[in-house]
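Coordinates from target18.txt are shown below (compact mmCIF, C-alpha atoms).
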```
# COMPACT_ATOMS: atom_id res chain seq x y z
CA MET A 278 -12.86 -30.52 18.22
CA ASN A 279 -11.51 -27.31 19.73
CA ALA A 280 -13.80 -25.75 22.34
CA LEU A 281 -12.61 -22.28 21.35
CA LEU A 282 -13.36 -22.81 17.66
CA ALA A 283 -16.59 -24.72 18.17
CA GLY A 284 -19.53 -22.63 17.09
CA LEU A 285 -17.30 -19.97 15.58
CA ALA A 286 -18.43 -18.53 12.24
CA VAL A 287 -15.30 -18.43 10.11
CA LEU A 288 -15.04 -16.60 6.79
CA ILE A 289 -12.05 -17.66 4.67
CA ILE A 290 -10.99 -15.65 1.63
CA GLY A 291 -7.99 -16.31 -0.57
CA ASP A 292 -6.38 -16.48 -3.98
CA SER A 293 -5.92 -19.38 -6.40
CA HIS A 294 -4.88 -21.67 -3.54
CA MET A 295 -8.64 -21.75 -2.85
CA VAL A 296 -9.92 -22.12 -6.41
CA THR A 297 -9.48 -25.83 -7.18
CA ARG A 298 -11.38 -28.67 -5.54
CA ASP A 299 -8.40 -30.33 -3.80
CA TYR A 300 -6.86 -27.08 -2.62
CA LEU A 301 -7.38 -25.25 0.68
CA ILE A 302 -11.07 -24.79 -0.13
CA THR A 303 -11.32 -28.48 0.75
CA THR A 304 -8.49 -29.17 3.19
CA LEU A 305 -8.46 -26.06 5.39
CA HIS A 306 -12.23 -25.74 5.19
CA ASP A 307 -12.69 -29.38 6.30
CA ASP A 308 -10.10 -29.13 9.06
CA LEU A 309 -11.71 -26.02 10.59
CA THR A 310 -15.14 -27.59 10.23
CA ALA A 311 -13.83 -30.64 12.11
CA GLN A 312 -12.86 -28.27 14.94
CA GLY A 313 -16.53 -27.32 15.26
CA ALA A 314 -16.47 -24.06 13.29
CA THR A 315 -19.06 -23.07 10.71
CA VAL A 316 -17.00 -22.20 7.65
CA ASP A 317 -17.67 -20.21 4.49
CA THR A 318 -14.80 -20.11 2.00
CA TYR A 319 -14.31 -17.90 -1.05
CA GLY A 320 -11.41 -17.90 -3.48
CA MET A 321 -10.61 -15.61 -6.40
CA CYS A 322 -7.86 -16.70 -8.78
CA GLY A 323 -5.20 -14.03 -9.33
CA ALA A 324 -6.79 -11.64 -6.85
CA ASN A 325 -4.81 -9.04 -4.94
CA ALA A 326 -5.93 -7.88 -1.52
CA GLY A 327 -7.43 -4.73 -3.03
CA ASP A 328 -9.64 -6.81 -5.31
CA TRP A 329 -11.62 -7.80 -2.19
CA VAL A 330 -12.16 -4.11 -1.43
CA TYR A 331 -12.68 -2.34 -4.76
CA PRO A 332 -15.15 -4.17 -7.04
CA THR A 333 -13.59 -5.44 -10.26
CA THR A 334 -13.58 -8.72 -12.21
CA VAL A 335 -11.66 -11.93 -11.57
CA SER A 336 -8.95 -12.87 -14.05
CA CYS A 337 -9.03 -16.67 -13.90
CA GLY A 338 -12.01 -17.92 -11.96
CA ARG A 339 -13.48 -18.06 -8.50
CA ALA A 340 -14.82 -20.65 -6.07
CA GLU A 341 -16.98 -20.80 -2.99
CA ARG A 342 -17.95 -23.37 -0.40
CA HIS A 343 -20.40 -23.26 2.48
CA GLY A 344 -20.48 -25.57 5.48
CA LYS A 345 -20.46 -29.22 4.47
CA THR A 346 -21.52 -28.68 0.88
CA PRO A 347 -18.97 -29.33 -1.88
CA PRO A 348 -17.00 -26.48 -3.47
CA VAL A 349 -18.52 -24.68 -6.44
CA VAL A 350 -15.76 -23.68 -8.85
CA ASP A 351 -16.18 -21.39 -11.83
CA TYR A 352 -13.06 -20.99 -13.96
CA LYS A 353 -14.47 -18.24 -16.15
CA GLY A 354 -12.60 -14.96 -16.20
CA GLY A 355 -14.32 -11.61 -16.22
CA ILE A 356 -16.97 -12.43 -13.61
CA PRO A 357 -17.43 -9.93 -10.75
CA THR A 358 -15.30 -10.05 -7.63
CA TRP A 359 -16.74 -10.56 -4.18
CA THR A 360 -16.10 -7.76 -1.73
CA VAL A 361 -15.18 -8.48 1.85
CA ASP A 362 -17.77 -5.96 3.04
CA ALA A 363 -20.55 -7.88 1.32
CA LEU A 364 -19.31 -11.25 2.59
CA ILE A 365 -19.10 -10.00 6.17
CA ALA A 366 -22.61 -8.58 5.91
CA LYS A 367 -23.85 -11.91 4.57
CA HIS A 368 -22.14 -14.33 6.96
CA HIS A 369 -21.54 -12.28 10.14
CA PRO A 370 -18.26 -14.08 10.88
CA ASN A 371 -16.55 -14.16 14.29
CA LEU A 372 -13.21 -14.69 12.56
CA VAL A 373 -11.91 -13.77 9.09
CA VAL A 374 -9.04 -15.84 7.68
CA ILE A 375 -7.20 -14.29 4.72
CA GLU A 376 -4.85 -16.41 2.61
CA MET A 377 -2.88 -14.20 0.23
CA GLY A 378 0.64 -13.35 -0.82
CA ASP A 379 1.68 -15.05 -4.05
CA THR A 380 -0.31 -12.68 -6.25
CA MET A 381 1.29 -9.58 -4.74
CA ALA A 382 4.94 -10.52 -4.15
CA GLY A 383 6.17 -9.26 -7.53
CA TYR A 384 7.68 -12.57 -8.62
CA GLY A 385 9.90 -11.91 -11.63
CA GLN A 386 10.35 -8.25 -10.74
CA HIS A 387 13.73 -7.04 -9.58
CA ASP A 388 12.37 -4.73 -6.92
CA PHE A 389 10.01 -5.75 -4.15
CA PRO A 390 6.89 -3.54 -4.50
CA GLN A 391 6.58 -2.82 -0.80
CA GLY A 392 4.53 0.38 -1.03
CA TRP A 393 1.97 -1.12 -3.37
CA ILE A 394 1.66 -4.33 -1.32
CA TYR A 395 1.17 -2.30 1.84
CA GLN A 396 -1.58 -0.28 0.25
CA GLN A 397 -3.37 -3.44 -0.85
CA VAL A 398 -2.99 -5.17 2.51
CA HIS A 399 -3.90 -2.08 4.52
CA ALA A 400 -7.06 -1.54 2.46
CA LEU A 401 -8.28 -5.08 3.18
CA THR A 402 -7.29 -5.34 6.85
CA GLY A 403 -8.81 -1.90 7.39
CA ARG A 404 -12.22 -3.13 6.20
CA VAL A 405 -12.13 -6.12 8.53
CA ALA A 406 -10.83 -4.08 11.47
CA ALA A 407 -13.56 -1.49 10.92
CA GLN A 408 -16.09 -4.21 11.79
CA ASN A 409 -14.13 -5.23 14.92
CA ILE A 410 -13.72 -8.78 13.68
CA PRO A 411 -10.52 -10.63 14.59
CA CYS A 412 -8.56 -11.77 11.58
CA ILE A 413 -5.69 -14.05 10.70
CA TRP A 414 -3.54 -13.64 7.59
CA ILE A 415 -1.85 -16.71 6.09
CA GLY A 416 1.32 -16.08 4.10
CA PRO A 417 2.46 -18.06 1.05
CA PRO A 418 4.24 -21.43 1.13
CA TRP A 419 7.72 -21.86 -0.36
CA GLY A 420 6.50 -23.35 -3.66
CA GLY A 421 9.15 -24.15 -6.24
CA GLU A 422 11.75 -22.18 -8.16
CA GLY A 423 12.28 -22.04 -11.91
CA SER A 424 8.66 -22.02 -13.06
CA THR A 425 6.79 -19.61 -15.28
CA TYR A 426 5.54 -17.91 -12.10
CA HIS A 427 9.16 -16.84 -11.42
CA LYS A 428 8.67 -17.63 -7.74
CA THR A 429 11.91 -17.73 -5.76
CA PHE A 430 12.59 -18.83 -2.20
CA ALA A 431 14.30 -15.51 -1.49
CA ARG A 432 11.25 -13.50 -2.55
CA VAL A 433 8.88 -15.77 -0.60
CA LYS A 434 11.01 -15.16 2.49
CA GLU A 435 11.04 -11.40 1.83
CA MET A 436 7.27 -11.38 1.32
CA SER A 437 6.62 -13.40 4.47
CA GLU A 438 8.84 -11.15 6.57
CA PHE A 439 7.13 -8.07 5.18
CA LEU A 440 3.61 -9.43 5.72
CA SER A 441 4.48 -10.20 9.34
CA THR A 442 4.78 -6.44 9.95
CA ALA A 443 2.13 -5.28 7.48
CA VAL A 444 -1.04 -7.20 8.31
CA ALA A 445 -1.78 -5.87 11.82
CA PRO A 446 -4.28 -5.82 13.41
CA CYS A 447 -4.62 -9.26 11.81
CA ARG A 448 -2.40 -11.95 13.26
CA PHE A 449 0.03 -13.55 10.86
CA ILE A 450 0.69 -17.21 10.13
CA ASP A 451 4.02 -17.67 8.37
CA SER A 452 3.57 -20.70 6.09
CA THR A 453 7.31 -20.95 5.43
CA VAL A 454 7.88 -22.32 8.93
CA PHE A 455 5.82 -25.41 8.09
CA SER A 456 8.41 -26.87 5.71
CA LYS A 457 11.86 -26.39 4.25
CA PRO A 458 12.22 -24.79 0.80
CA GLY A 459 11.38 -27.40 -1.83
CA ASP A 460 9.95 -29.92 0.66
CA TRP A 461 6.40 -29.57 -0.60
CA PRO A 462 6.23 -30.53 -4.29
CA THR A 463 4.26 -28.31 -6.65
CA ILE A 464 2.47 -28.95 -9.91
CA ASP A 465 3.60 -25.69 -11.51
CA GLY A 466 5.99 -23.91 -9.15
CA GLN A 467 3.19 -22.24 -7.23
CA HIS A 468 0.34 -24.64 -6.56
CA LEU A 469 0.94 -27.66 -4.35
CA THR A 470 -0.01 -31.28 -4.94
CA ALA A 471 -3.12 -32.64 -3.20
CA SER A 472 -0.90 -34.02 -0.47
CA GLY A 473 0.75 -30.62 -0.02
CA TYR A 474 -2.62 -28.90 0.41
CA ARG A 475 -3.58 -31.54 3.00
CA THR A 476 -0.41 -30.81 4.99
CA TRP A 477 -0.68 -27.04 4.58
CA GLY A 478 -4.35 -27.06 5.67
CA LYS A 479 -3.51 -29.17 8.72
CA ASP A 480 -0.60 -26.91 9.71
CA ILE A 481 -2.71 -23.76 9.34
CA THR A 482 -5.47 -25.28 11.45
CA GLU A 483 -3.01 -26.18 14.21
CA SER A 484 -1.73 -22.59 14.19
CA ILE A 485 -5.27 -21.21 14.38
CA ASP A 486 -5.94 -23.61 17.27
CA GLN A 487 -2.98 -22.14 19.11
CA MET A 488 -4.09 -18.56 18.41
CA ALA A 489 -7.73 -19.17 19.36
CA PRO A 490 -7.35 -18.21 23.04
CA GLN A 491 -5.99 -14.79 22.05
CA LEU A 492 -8.70 -14.00 19.51
CA ALA A 493 -11.31 -11.62 20.82
CA ARG A 494 -14.62 -13.28 20.19
CA ARG A 495 -17.32 -11.08 18.75
CA PRO A 496 -20.69 -11.86 20.29
CA MET B 50 13.54 25.45 -11.69
CA ILE B 51 13.24 21.76 -10.95
CA ALA B 52 15.69 20.83 -8.26
CA MET B 53 17.10 17.35 -7.65
CA LEU B 54 15.87 16.05 -10.97
CA ARG B 55 17.61 12.83 -11.86
CA PRO B 56 18.80 12.31 -15.43
CA LEU B 57 15.69 11.51 -17.38
CA ARG B 58 15.37 8.02 -18.80
CA ARG B 59 13.05 9.31 -21.38
CA SER B 60 11.16 7.11 -23.77
CA LEU B 61 10.32 9.22 -26.77
CA ALA B 62 7.96 6.63 -28.15
CA LEU B 63 6.02 6.28 -24.92
CA GLY B 64 6.03 10.01 -24.33
CA PHE B 65 4.68 10.62 -27.82
CA ALA B 66 1.99 8.01 -27.21
CA LEU B 67 1.06 9.76 -23.98
CA VAL B 68 0.68 13.08 -25.75
CA LEU B 69 -1.40 11.50 -28.52
CA ALA B 70 -3.67 9.78 -26.02
CA ALA B 71 -4.14 12.97 -24.10
CA GLY B 72 -4.85 14.90 -27.28
CA SER B 73 -7.72 12.62 -28.15
CA ALA B 74 -9.09 12.81 -24.62
CA GLY B 75 -8.96 16.57 -24.43
CA ILE B 76 -8.17 18.55 -21.30
CA ALA B 77 -10.50 17.70 -18.46
CA ALA B 78 -11.30 20.28 -15.83
CA GLU B 79 -10.55 17.75 -13.08
CA GLY B 80 -9.43 14.15 -13.16
CA ARG B 81 -6.39 11.94 -13.28
CA LEU B 82 -3.25 13.72 -14.42
CA TYR B 83 -1.39 10.61 -15.62
CA PRO B 84 -2.23 6.96 -16.41
CA SER B 85 -1.90 4.69 -13.39
CA GLY B 86 0.47 2.16 -14.92
CA PRO B 87 0.73 -1.51 -14.03
CA PRO B 88 -0.93 -2.58 -10.78
CA ASN B 89 2.27 -4.14 -9.49
CA GLY B 90 5.55 -2.23 -9.66
CA VAL B 91 3.73 1.04 -9.87
CA ALA B 92 5.19 4.38 -8.77
CA TYR B 93 3.43 7.19 -6.94
CA LEU B 94 3.35 10.94 -7.60
CA ARG B 95 1.82 13.77 -5.57
CA PHE B 96 1.81 17.55 -5.69
CA VAL B 97 2.13 19.86 -2.70
CA ASN B 98 1.32 23.54 -2.94
CA MET B 99 3.36 25.53 -0.41
CA ALA B 100 2.75 28.82 -2.23
CA SER B 101 0.39 31.48 -0.89
CA GLN B 102 -2.05 31.17 -3.78
CA GLU B 103 -3.88 28.37 -5.56
CA VAL B 104 -1.81 26.75 -8.32
CA THR B 105 -2.90 24.78 -11.36
CA VAL B 106 -1.23 21.56 -12.45
CA VAL B 107 -1.70 20.78 -16.13
CA SER B 108 -0.89 17.43 -17.75
CA PRO B 109 -1.75 16.25 -21.26
CA ALA B 110 -4.81 14.55 -19.77
CA ALA B 111 -6.14 16.85 -17.08
CA LYS B 112 -5.96 20.16 -15.31
CA ILE B 113 -6.13 20.22 -11.52
CA ALA B 114 -6.26 23.12 -9.09
CA VAL B 115 -4.32 22.69 -5.86
CA PRO B 116 -5.62 25.11 -3.22
CA ALA B 117 -3.41 27.05 -0.83
CA ASP B 118 -5.29 26.23 2.39
CA ASP B 119 -3.62 23.78 4.75
CA ALA B 120 -6.41 21.22 4.50
CA HIS B 121 -5.96 20.86 0.73
CA ARG B 122 -2.35 21.82 -0.03
CA VAL B 123 -1.11 18.25 -0.05
CA ARG B 124 -2.66 15.96 -2.65
CA GLU B 125 -2.73 12.19 -2.33
CA PHE B 126 -0.07 9.97 -3.87
CA ASP B 127 -1.45 8.89 -7.22
CA PRO B 128 -0.25 5.68 -8.90
CA VAL B 129 1.59 6.44 -12.17
CA THR B 130 3.50 4.48 -14.77
CA PRO B 131 7.20 4.17 -13.91
CA GLY B 132 9.82 4.60 -16.62
CA VAL B 133 7.73 7.04 -18.65
CA ALA B 134 8.35 10.77 -18.87
CA LEU B 135 5.43 12.56 -17.21
CA LYS B 136 5.09 16.02 -18.66
CA GLY B 137 3.02 19.08 -18.01
CA SER B 138 3.26 22.38 -16.25
CA VAL B 139 2.46 24.18 -13.02
CA GLU B 140 0.86 27.62 -13.25
CA LEU B 141 0.79 30.26 -10.54
CA GLY B 142 -0.63 33.63 -11.46
CA GLY B 143 1.07 34.48 -14.75
CA ALA B 144 4.09 32.25 -14.11
CA SER B 145 4.48 28.72 -15.45
CA LYS B 146 7.10 26.02 -14.91
CA PRO B 147 7.38 22.75 -16.84
CA ILE B 148 6.98 19.29 -15.34
CA ASP B 149 9.21 16.61 -16.87
CA VAL B 150 9.79 13.77 -14.48
CA THR B 151 10.32 10.02 -14.83
CA LEU B 152 9.69 7.79 -11.84
CA ALA B 153 11.41 4.50 -11.03
CA PRO B 154 9.30 1.47 -10.05
CA ASN B 155 8.14 1.66 -6.43
CA GLU B 156 9.30 5.26 -6.13
CA PHE B 157 7.24 7.87 -4.26
CA VAL B 158 7.83 11.33 -5.70
CA THR B 159 6.59 14.61 -4.28
CA ILE B 160 6.62 17.71 -6.49
CA ALA B 161 6.54 20.66 -4.12
CA ILE B 162 5.51 24.06 -5.42
CA THR B 163 6.82 27.15 -3.69
CA GLY B 164 6.45 30.80 -4.61
CA GLY B 165 8.33 33.87 -3.53
CA ALA B 166 10.21 36.91 -4.65
CA ASP B 167 12.17 34.81 -7.12
CA GLY B 168 9.00 33.43 -8.71
CA LEU B 169 7.66 29.89 -8.95
CA THR B 170 9.86 26.95 -7.95
CA LEU B 171 9.23 23.23 -8.35
CA THR B 172 11.21 20.86 -6.16
CA VAL B 173 11.17 17.15 -6.93
CA LEU B 174 11.69 15.03 -3.83
CA ARG B 175 12.34 11.36 -4.48
CA ASP B 176 11.85 8.56 -2.01
CA VAL B 177 11.84 4.77 -2.21
CA PRO B 178 10.61 4.01 1.29
CA SER B 179 11.15 0.56 2.75
CA ASP B 180 9.57 1.15 6.13
CA PHE B 181 5.91 0.29 5.51
CA ASN B 182 4.76 -1.17 8.81
CA ALA B 183 1.30 -1.63 10.31
CA LEU B 184 2.66 -1.58 13.86
CA LYS B 185 4.54 1.75 13.65
CA SER B 186 4.11 5.24 12.21
CA SER B 187 6.39 6.73 9.56
CA LEU B 188 7.34 10.41 9.89
CA ALA B 189 8.94 12.30 7.00
CA LEU B 190 10.37 15.82 7.06
CA PHE B 191 10.56 17.70 3.73
CA ASN B 192 12.77 20.81 3.69
CA LEU B 193 11.66 23.35 1.08
CA ASP B 194 13.34 26.38 2.64
CA PRO B 195 16.67 27.27 0.99
CA ALA B 196 17.51 29.38 4.05
CA CYS B 197 17.15 26.40 6.39
CA ALA B 198 20.48 24.63 6.01
CA LYS B 199 19.61 21.81 8.40
CA ALA B 200 16.00 21.11 9.31
CA ASP B 201 15.19 19.00 12.35
CA LEU B 202 11.94 17.36 13.39
CA LEU B 203 11.79 17.37 17.18
CA ALA B 204 9.52 15.69 19.73
CA GLY B 205 8.38 16.81 23.16
CA ASP B 206 9.44 19.59 25.48
CA ASN B 207 13.00 18.31 25.58
CA HIS B 208 13.27 18.55 21.78
CA LEU B 209 14.23 14.96 21.15
CA ALA B 210 15.44 14.70 17.55
CA VAL B 211 13.23 12.44 15.44
CA VAL B 212 14.62 13.40 12.02
CA SER B 213 17.83 15.45 11.80
CA ASP B 214 19.91 17.50 9.40
CA VAL B 215 17.61 17.56 6.39
CA ALA B 216 19.14 19.79 3.72
CA PRO B 217 17.08 22.12 1.50
CA GLY B 218 15.43 20.16 -1.32
CA ALA B 219 15.72 16.88 0.56
CA LEU B 220 13.70 14.74 2.95
CA GLY B 221 14.40 12.57 5.97
CA ARG B 222 12.25 9.75 7.31
CA ARG B 223 11.98 7.71 10.48
CA LEU B 224 9.76 4.94 11.76
CA VAL B 225 8.43 5.68 15.25
CA ASN B 226 6.07 4.21 17.80
CA PRO B 227 2.52 5.50 17.41
CA VAL B 228 2.35 8.02 20.24
CA ASP B 229 0.67 11.34 20.96
CA VAL B 230 3.54 13.81 21.26
CA ALA B 231 4.02 17.47 20.38
CA LEU B 232 6.25 17.81 17.31
CA SER B 233 8.13 20.85 16.08
CA VAL B 234 10.48 21.80 13.26
CA SER B 235 13.60 23.84 13.83
CA CYS B 236 16.35 25.21 11.64
CA GLY B 237 19.19 25.33 14.12
CA ASP B 238 17.84 26.48 17.46
CA PRO B 239 15.42 23.91 18.94
CA ALA B 240 13.93 26.56 21.20
CA GLN B 241 12.79 28.48 18.11
CA GLY B 242 10.99 25.51 16.58
CA LEU B 243 7.59 25.87 14.95
CA PRO B 244 4.83 23.39 15.83
CA ALA B 245 3.99 20.55 13.44
CA LYS B 246 0.46 19.56 14.41
CA LEU B 247 -0.25 15.91 13.65
CA GLY B 248 -2.13 14.89 16.80
CA ALA B 249 -1.93 11.30 18.02
CA LEU B 250 -0.02 9.13 15.55
CA VAL B 251 -1.84 6.01 14.38
CA ALA B 252 -0.09 2.68 13.86
CA GLY B 253 0.27 1.90 10.19
CA ASP B 254 -0.21 5.49 9.06
CA ARG B 255 2.42 7.63 7.36
CA TYR B 256 2.89 11.36 7.83
CA SER B 257 4.63 14.24 6.05
CA VAL B 258 5.85 17.49 7.56
CA PHE B 259 6.84 20.30 5.18
CA VAL B 260 8.87 23.38 6.09
CA ALA B 261 9.00 26.26 3.60
CA ALA B 262 9.78 29.96 3.56
CA SER B 263 6.82 32.26 4.12
CA GLY B 264 7.27 36.00 3.86
CA SER B 265 10.05 36.84 6.27
CA GLY B 266 9.52 33.64 8.26
CA ARG B 267 8.68 29.99 7.79
CA GLN B 268 5.54 27.90 7.56
CA ILE B 269 4.93 24.31 8.56
CA VAL B 270 2.36 22.05 6.96
CA ALA B 271 1.83 18.61 8.48
CA GLY B 272 -0.59 15.82 7.69
CA ARG B 273 -1.23 12.16 7.09
CA ASP B 274 -0.20 10.76 3.71
CA GLU B 275 -3.00 9.54 1.49
CA GLN B 276 -2.44 7.00 -1.26
CA ALA B 277 -4.99 6.72 -4.05
CA SER B 278 -6.08 3.21 -4.89
CA PHE B 279 -4.92 1.71 -8.15
CA ARG B 280 -7.43 2.37 -10.90
CA PRO B 281 -6.87 0.86 -14.34
```
For this file, write the structure as structure tokens.
Amino acid sequence: MNALLAGLAVLIIGDSHMVTRDYLITTLHDDLTAQGATVDTYGMCGANAGDWVYPTTVSCGRAERHGKTPPVVDYKGGIPTWTVDALIAKHHPNLVVIEMGDTMAGYGQHDFPQGWIYQQVHALTGRVAAQNIPCIWIGPPWGGEGSTYHKTFARVKEMSEFLSTAVAPCRFIDSTVFSKPGDWPTIDGQHLTASGYRTWGKDITESIDQMAPQLARRP
Amino acid sequence: MIAMLRPLRRSLALGFALVLAAGSAGIAAEGRLYPSGPPNGVAYLRFVNMASQEVTVVSPAAKIAVPADDAHRVREFDPVTPGVALKGSVELGGASKPIDVTLAPNEFVTIAITGGADGLTLTVLRDVPSDFNALKSSLALFNLDPACAKADLLAGDNHLAVVSDVAPGALGRRLVNPVDVALSVSCGDPAQGLPAKLGALVAGDRYSVFVAASGSGRQIVAGRDEQASFRP
């Protein structure tokens, strides 16, 4: 239990790393709950940051979890996206945690789409900042090379370095510092094993613990 | 004339498809000039009217008026499909100049329209910025005055150079701390600089300053860049 997180209402949003039962929707959600926070988690598979701002449809499913209830996962495509504005209005969080990066890094593309990523990120952080809610952005883990996702360690590093300067006023958690490239096995080059999600969730929670004293707490 | 136009990597098939699609859609009075392309790896195109009168930009899909007042001269960057020839025309009074430009992925292109004694001129200014940063502000100086051999963007009473030696038809860019400082543009003598009014810079925002000929002098237009959201 962390006295600074106890009683905090935390809203977590993220991409496909949140949309399967054993993923962060379980591990990170449980770890923050164990710190005394009240947690609501939402994941949208394949979503870019802008998809949480401009209503559209999800491409490969979505999931949600509230407090100590189990995750509800719907793998259908074409269902409406959640918007961050609506989720903030519903849950009144004191802290928003955003996990996103893999869907926007342009894996498989020669050029890094910096301008487009910035627009996406800026649109989302702007909505959270407009409500004066502190936020933390979690970057992608190393994953594995050579898969159909075309993820490479070099691009993950480039994406993480870029996000570290692009997500302000959110604070940034660089997931690549938690392991060495290739240390955490994946099932498909992008998504980790259950053990990997346990470790990643624990490492993120420890980082949030360390940041907690600097987070302005909204009454 | 279209200055600084790179060799076109034209796709006849795609261009023909674009024309066909536009033909079936008809010419809208206002709307999106070009399809927005893929969400990731997109390029961005904007028009800036530095002429003294309203101009009309015509594409196969739409027709858009760009006013000549400072609040509306600079349109937002619109996402477009890279690698495809974007065609159309710009009309000013009875004059017309063709648009035929192909953007590279992640490129930000500004088509600046200037008028004068020699008629209507389109200048294509290409930029692949790599300085997007939420902690700083990005300042860009666009030189559209052929008589200004080296344009400088200066800060403060002591004329500290922020962006230097920008040739006609080119742009310079610099990432700066978000501060509230008086900016000016000069073409040689800093003491003769003209004010570029941006107000207090905001972290994460990007700004453009344009210098162009105006009558016997010069005009400065300055403002924050706007980037349209991707729309399928």
Residue hits in chain B, query chain A, radius 12 Å, all atoms listed in the file, as a short mmCIF file (atom, residue, chain, number, x, y, z; two decimals) with C-alpha atoms, in the frame of the given file:
```cif
data_model
loop_
_atom_site.label_atom_id
_atom_site.label_comp_id
_atom_site.auth_asym_id
_atom_site.auth_seq_id
_atom_site.Cartn_x
_atom_site.Cartn_y
_atom_site.Cartn_z
CA PRO B 87 0.73 -1.51 -14.03
CA PRO B 88 -0.93 -2.58 -10.78
CA ASN B 89 2.27 -4.14 -9.49
CA GLY B 90 5.55 -2.23 -9.66
CA VAL B 91 3.73 1.04 -9.87
CA ALA B 92 5.19 4.38 -8.77
CA TYR B 93 3.43 7.19 -6.94
CA PHE B 126 -0.07 9.97 -3.87
CA ASP B 127 -1.45 8.89 -7.22
CA PRO B 128 -0.25 5.68 -8.90
CA VAL B 129 1.59 6.44 -12.17
CA ALA B 153 11.41 4.50 -11.03
CA PRO B 154 9.30 1.47 -10.05
CA ASN B 155 8.14 1.66 -6.43
CA GLU B 156 9.30 5.26 -6.13
CA PHE B 157 7.24 7.87 -4.26
CA ASP B 176 11.85 8.56 -2.01
CA VAL B 177 11.84 4.77 -2.21
CA PRO B 178 10.61 4.01 1.29
CA SER B 179 11.15 0.56 2.75
CA ASP B 180 9.57 1.15 6.13
CA PHE B 181 5.91 0.29 5.51
CA ASN B 182 4.76 -1.17 8.81
CA ALA B 183 1.30 -1.63 10.31
CA LEU B 184 2.66 -1.58 13.86
CA LYS B 185 4.54 1.75 13.65
CA SER B 186 4.11 5.24 12.21
CA ALA B 252 -0.09 2.68 13.86
CA GLY B 253 0.27 1.90 10.19
CA ASP B 254 -0.21 5.49 9.06
CA ARG B 255 2.42 7.63 7.36
CA ASP B 274 -0.20 10.76 3.71
CA GLU B 275 -3.00 9.54 1.49
CA GLN B 276 -2.44 7.00 -1.26
CA ALA B 277 -4.99 6.72 -4.05
CA SER B 278 -6.08 3.21 -4.89
CA PHE B 279 -4.92 1.71 -8.15
CA ARG B 280 -7.43 2.37 -10.90
CA PRO B 281 -6.87 0.86 -14.34
#
```
Neighbouring residues of Ile269 in chain B were defined as those with any atom within 7 Å, considering all atoms listed in the file; residues of the same chain fewer than 6 positions away were excluded. Please report them as a PyMOL selection string.
chain B and resi 245+258-261
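Counting all atoms listed in the file and comparing B:Gly132, B:Val107, B:Ser235, B:Val228, the residue that lies closest to Val215 in chain B is B:Ser235.
Using only C-alpha atoms, the shortest contact distance between Leu250 in chain B and any of B:Asp149, B:Asp214, B:Asp201, B:Asp229 is found at B:Asp229.
Among the candidates B:Arg175, B:Arg267, B:Lys112, B:Arg223, the one nearest to Thr163 in chain B when counting all atoms listed in the file is B:Arg267.
Using all atoms listed in the file, the smallest distance between any of B:Pro195, B:Pro84, B:Gly137, B:Gly164 and Val97 in chain B comes from B:Gly164.
Across the structure, CA of Ala471 in chain A and CA of Ser293 in chain A are spaced 13.9 Å apart.
CA of Ala134 in chain B lies 5.5 Å from CA of Val150 in chain B.
Candidate residues A:Val330, A:Val433, A:Ile375, A:Ala489 were compared for distance to Leu401 in chain A, and the nearest is A:Val330, using all atoms listed in the file.
Proximity of A:Trp329, A:Tyr426, A:Tyr474, A:Trp419 to Gly459 in chain A, computed with all atoms listed in the file, is greatest for A:Trp419.
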Record the distance separating CA of Leu82 in chain B and CA of Ala117 in chain B, expressed in Å with one decimal.
19.0 Å
Shell of 12 Å around Phe455 in chain A, only C-alpha atoms, local chain residues under 4 positions omitted, as an MDAnalysis selection string
chainID A and resid 415:420 450:451 459:461 473:474 476:484
Since we have the selection now, will you write its residues out, keeping C-alpha atoms, as a CSV table (one decimal), in the frame of the given file?
```
chain,number,residue,atom,x,y,z
A,415,ILE,CA,-1.8,-16.7,6.1
A,416,GLY,CA,1.3,-16.1,4.1
A,417,PRO,CA,2.5,-18.1,1.0
A,418,PRO,CA,4.2,-21.4,1.1
A,419,TRP,CA,7.7,-21.9,-0.4
A,420,GLY,CA,6.5,-23.4,-3.7
A,450,ILE,CA,0.7,-17.2,10.1
A,451,ASP,CA,4.0,-17.7,8.4
A,459,GLY,CA,11.4,-27.4,-1.8
A,460,ASP,CA,10.0,-29.9,0.7
A,461,TRP,CA,6.4,-29.6,-0.6
A,473,GLY,CA,0.8,-30.6,0.0
A,474,TYR,CA,-2.6,-28.9,0.4
A,476,THR,CA,-0.4,-30.8,5.0
A,477,TRP,CA,-0.7,-27.0,4.6
A,478,GLY,CA,-4.4,-27.1,5.7
A,479,LYS,CA,-3.5,-29.2,8.7
A,480,ASP,CA,-0.6,-26.9,9.7
A,481,ILE,CA,-2.7,-23.8,9.3
A,482,THR,CA,-5.5,-25.3,11.4
A,483,GLU,CA,-3.0,-26.2,14.2
A,484,SER,CA,-1.7,-22.6,14.2
```
Within 10 Å of Ala311 in chain A, counting only C-alpha atoms, which residues show up once you throw out same-chain ones fewer than 3 positions away? Write them as an NGL selection string, please.
:A and (278-279 or 282-283 or 305-308 or 314-315 or 482)
Neighbours of Gly248 in chain B within 12 Å (all atoms listed in the file; same-chain residues fewer than 3 positions away dropped), as a list in words?
Pro227, Val228, Asp229, Val230, Ala231, Leu232, Ser233, Pro244, Ala245, Val251, Tyr256, Ala271, Gly272 and Arg273 of chain B
Near Cys197 in chain B, counting all atoms listed in the file, which residues have an atom at most 8 Å away, once you skip same-chain residues fewer than 4 positions from it, shown as a PyMOL selection string?
chain B and resi 192+216-217+236
